[in-house]
>>> print(open('input_28.cif').read())   # mmCIF, C-alpha atoms
data_target
loop_
_atom_site.label_atom_id
_atom_site.label_comp_id
_atom_site.auth_asym_id
_atom_site.auth_seq_id
_atom_site.Cartn_x
_atom_site.Cartn_y
_atom_site.Cartn_z
CA MET A 1 0.00 0.00 0.00
CA THR A 2 1.46 3.37 -1.04
CA VAL A 3 1.42 5.80 1.88
CA PHE A 4 3.33 8.69 0.32
CA GLN A 5 3.71 9.83 -3.26
CA MET A 6 5.11 12.85 -5.09
CA LYS A 7 4.57 13.52 -8.80
CA ASP A 8 6.16 16.12 -11.08
CA ILE A 9 7.61 18.14 -8.19
CA ARG A 10 9.51 21.31 -8.99
CA PHE A 11 10.96 23.52 -6.26
CA ALA A 12 13.13 26.46 -7.28
CA GLN A 13 15.18 28.99 -5.34
CA GLY A 14 16.97 31.54 -7.49
CA ASP A 15 19.01 29.71 -10.13
CA TRP A 16 18.81 26.40 -8.27
CA GLU A 17 16.04 23.88 -8.95
CA LEU A 18 14.94 20.55 -7.50
CA LYS A 19 12.98 18.30 -9.85
CA ILE A 20 11.41 15.02 -8.71
CA PRO A 21 9.48 13.27 -11.51
CA GLU A 22 8.09 10.63 -9.13
CA LEU A 23 8.75 9.28 -5.65
CA SER A 24 6.61 6.87 -3.68
CA LEU A 25 6.90 4.99 -0.42
CA VAL A 26 4.96 1.94 0.65
CA LYS A 27 4.01 1.14 4.23
CA GLY A 28 7.04 -0.04 6.21
CA GLU A 29 9.57 1.18 3.66
CA ALA A 30 12.50 3.36 4.70
CA LEU A 31 14.12 6.00 2.51
CA GLY A 32 17.74 7.09 2.72
CA ILE A 33 18.86 10.25 0.93
CA ILE A 34 22.55 10.56 0.09
CA GLY A 35 24.27 13.30 -1.91
CA LYS A 36 26.82 16.07 -2.01
CA ASN A 37 26.44 19.39 -0.20
CA GLY A 38 23.96 21.55 -2.08
CA ALA A 39 22.40 18.63 -3.95
CA GLY A 40 18.96 19.26 -2.42
CA LYS A 41 18.69 16.57 0.27
CA SER A 42 17.33 18.89 2.97
CA THR A 43 15.11 20.69 0.47
CA LEU A 44 13.64 17.37 -0.63
CA LEU A 45 12.93 16.46 3.01
CA ARG A 46 11.32 19.86 3.61
CA VAL A 47 9.07 19.43 0.57
CA MET A 48 8.22 15.84 1.55
CA SER A 49 7.31 16.92 5.09
CA LEU A 50 5.19 19.82 3.77
CA LEU A 51 7.46 22.43 5.34
CA ALA A 52 8.27 23.88 1.89
CA LYS A 53 5.71 24.26 -0.88
CA PRO A 54 6.80 23.27 -4.39
CA GLN A 55 5.97 25.54 -7.30
CA GLN A 56 4.67 22.55 -9.24
CA GLY A 57 3.51 19.00 -8.64
CA GLU A 58 1.30 16.90 -6.43
CA ILE A 59 1.85 15.25 -3.06
CA TRP A 60 -0.36 12.39 -1.87
CA PHE A 61 -0.53 10.99 1.67
CA ASP A 62 -2.54 7.88 2.58
CA GLY A 63 -4.29 7.98 -0.79
CA ALA A 64 -5.46 11.60 -0.52
CA LYS A 65 -4.00 14.56 -2.36
CA VAL A 66 -2.48 17.07 0.05
CA GLY A 67 -4.11 20.44 -0.46
CA ARG A 68 -3.90 23.92 0.99
CA ASN A 69 -4.90 22.94 4.53
CA ASN A 70 -2.21 20.36 5.24
CA LEU A 71 -1.85 20.81 9.02
CA ALA A 72 -3.60 17.51 9.80
CA VAL A 73 -1.24 15.67 7.44
CA ARG A 74 1.85 17.48 8.75
CA ARG A 75 1.01 16.32 12.28
CA LYS A 76 1.39 12.71 11.12
CA MET A 77 4.91 13.31 9.81
CA ALA A 78 8.31 13.86 11.34
CA VAL A 79 11.56 14.94 9.78
CA VAL A 80 15.01 15.00 11.33
CA LEU A 81 17.48 17.27 9.56
CA HIS A 82 21.15 17.76 10.35
CA GLU A 83 20.30 21.01 12.12
CA PRO A 84 18.77 20.79 15.62
CA LEU A 85 15.23 22.05 15.01
CA LEU A 86 13.49 20.64 18.07
CA ILE A 87 15.56 20.97 21.21
CA SER A 88 19.24 20.66 21.87
CA GLY A 89 20.19 17.75 24.04
CA PRO A 90 20.00 13.99 23.89
CA VAL A 91 17.98 12.08 21.31
CA ILE A 92 15.68 10.74 24.03
CA LYS A 93 14.41 14.26 24.78
CA ASN A 94 13.72 14.95 21.10
CA VAL A 95 11.83 11.66 20.73
CA GLY A 96 9.92 12.39 23.92
CA LEU A 97 9.00 15.89 22.76
CA ALA A 98 7.62 14.53 19.49
CA LEU A 99 5.51 12.03 21.43
CA ARG A 100 4.20 14.76 23.72
CA PHE A 101 3.23 16.81 20.65
CA LYS A 102 1.36 13.74 19.43
CA GLY A 103 -0.54 13.56 22.74
CA ILE A 104 0.83 10.32 24.16
CA ALA A 105 -0.52 9.68 27.68
CA SER A 106 1.97 10.08 30.53
CA SER A 107 1.46 6.44 31.50
CA GLN A 108 2.60 5.33 28.02
CA TYR A 109 5.41 7.87 27.63
CA GLN A 110 8.46 5.76 28.59
CA THR A 111 7.14 2.68 26.78
CA GLU A 112 6.67 4.69 23.57
CA VAL A 113 10.07 6.39 23.85
CA ASP A 114 11.76 3.01 24.34
CA TYR A 115 9.83 1.50 21.42
CA TRP A 116 10.81 4.23 18.95
CA LEU A 117 14.44 4.36 20.05
CA THR A 118 14.65 0.59 19.55
CA TYR A 119 12.73 0.73 16.25
CA PHE A 120 15.25 3.18 14.77
CA GLU A 121 18.17 1.40 16.46
CA LEU A 122 19.01 4.47 18.57
CA ASN A 123 18.55 2.84 21.98
CA HIS A 124 22.29 2.54 22.54
#
>>> encode(input="input_28.cif", output="structure tokens")
Amino acid sequence: MTVFQMKDIRFAQGDWELKIPELSLVKGEALGIIGKNGAGKSTLLRVMSLLAKPQQGEIWFDGAKVGRNNLAVRRKMAVVLHEPLLISGPVIKNVGLALRFKGIASSQYQTEVDYWLTYFELNH
């Protein structure tokens, strides 16, 4: 089942342009983005996470086209860039903050933090 899809994306800043003809992710799939400095990795992540709006193209999430009011969709996503955008400090605090934003009950907090740290192999 496709959970995320981008088609004919074009994002431009000055003379620089990011073009993504098509990108899709199925449930459970992981995506790694590798490239040189200035290649557009962070820009791609910002567009994918709806933090930057492309000048052209369509983005689909869970089978629905993402439109103007994308706040509900953005709340289901997370992006971790090389810059500290949440809080400075250990990974556990950043994971915990994201879970608090999501509304995890206090009684489930530590269990959820442990689960996600283990899931992404960051529990060490």
>>> resolve_selection(input="input_28.cif", expression="the PyMOL selection byres ((chain A and resi 5-14) around 6)", output="list in words")
Phe4, Asp15, Trp16, Glu17, Leu18, Lys19, Ile20, Pro21, Glu22, Leu23, Ser24, Pro54, Gln55, Gln56, Gly57, Glu58, Ile59 and Trp60 of chain A
>>> resolve_selection(input="input_28.cif", expression="the PyMOL selection byres ((chain A and resi 78) around 12)", output="list in words")
Leu45, Arg46, Met48, Ser49, Leu50, Leu51, Val73, Arg74, Arg75, Lys76, Met77, Val79, Val80, Leu81, Leu85, Leu86, Asn94, Val95, Leu97, Ala98, Leu99, Phe101 and Lys102 of chain A
>>> atom_distance(input="input_28.cif", atom1="atom CA of Ile92 of chain A", atom2="atom CA of Gly35 of chain A")
27.4 Å
>>> closest_residue(input="input_28.cif", among="A:Lys41, A:His124, A:Lys53, A:Arg100", to="Asn70 of chain A", atoms="all atoms listed in the file")
A:Lys53
>>> closest_residue(input="input_28.cif", among="A:Ala72, A:Ala52, A:Ala39, A:Met1", to="Val26 of chain A", atoms="all atoms listed in the file")
A:Met1
>>> atom_distance(input="input_28.cif", atom1="atom CA of Val113 of chain A", atom2="atom CA of Leu31 of chain A")
21.7 Å
>>> axis_aligned_box(input="input_28.cif", around="segment 53-64 of chain A", padding_each_side="3 Å", output="AutoDock Vina command-line options")
--center_x 0.7 --center_y 16.7 --center_z -3.3 --size_x 18.3 --size_y 23.7 --size_z 17.8
>>> atom_distance(input="input_28.cif", atom1="atom CA of Asn123 of chain A", atom2="atom CA of Tyr109 of chain A")
15.2 Å
>>> closest_residue(input="input_28.cif", among="A:Lys36, A:Gly96, A:Leu71, A:Ala64", to="Tyr115 of chain A", atoms="all atoms listed in the file")
A:Gly96
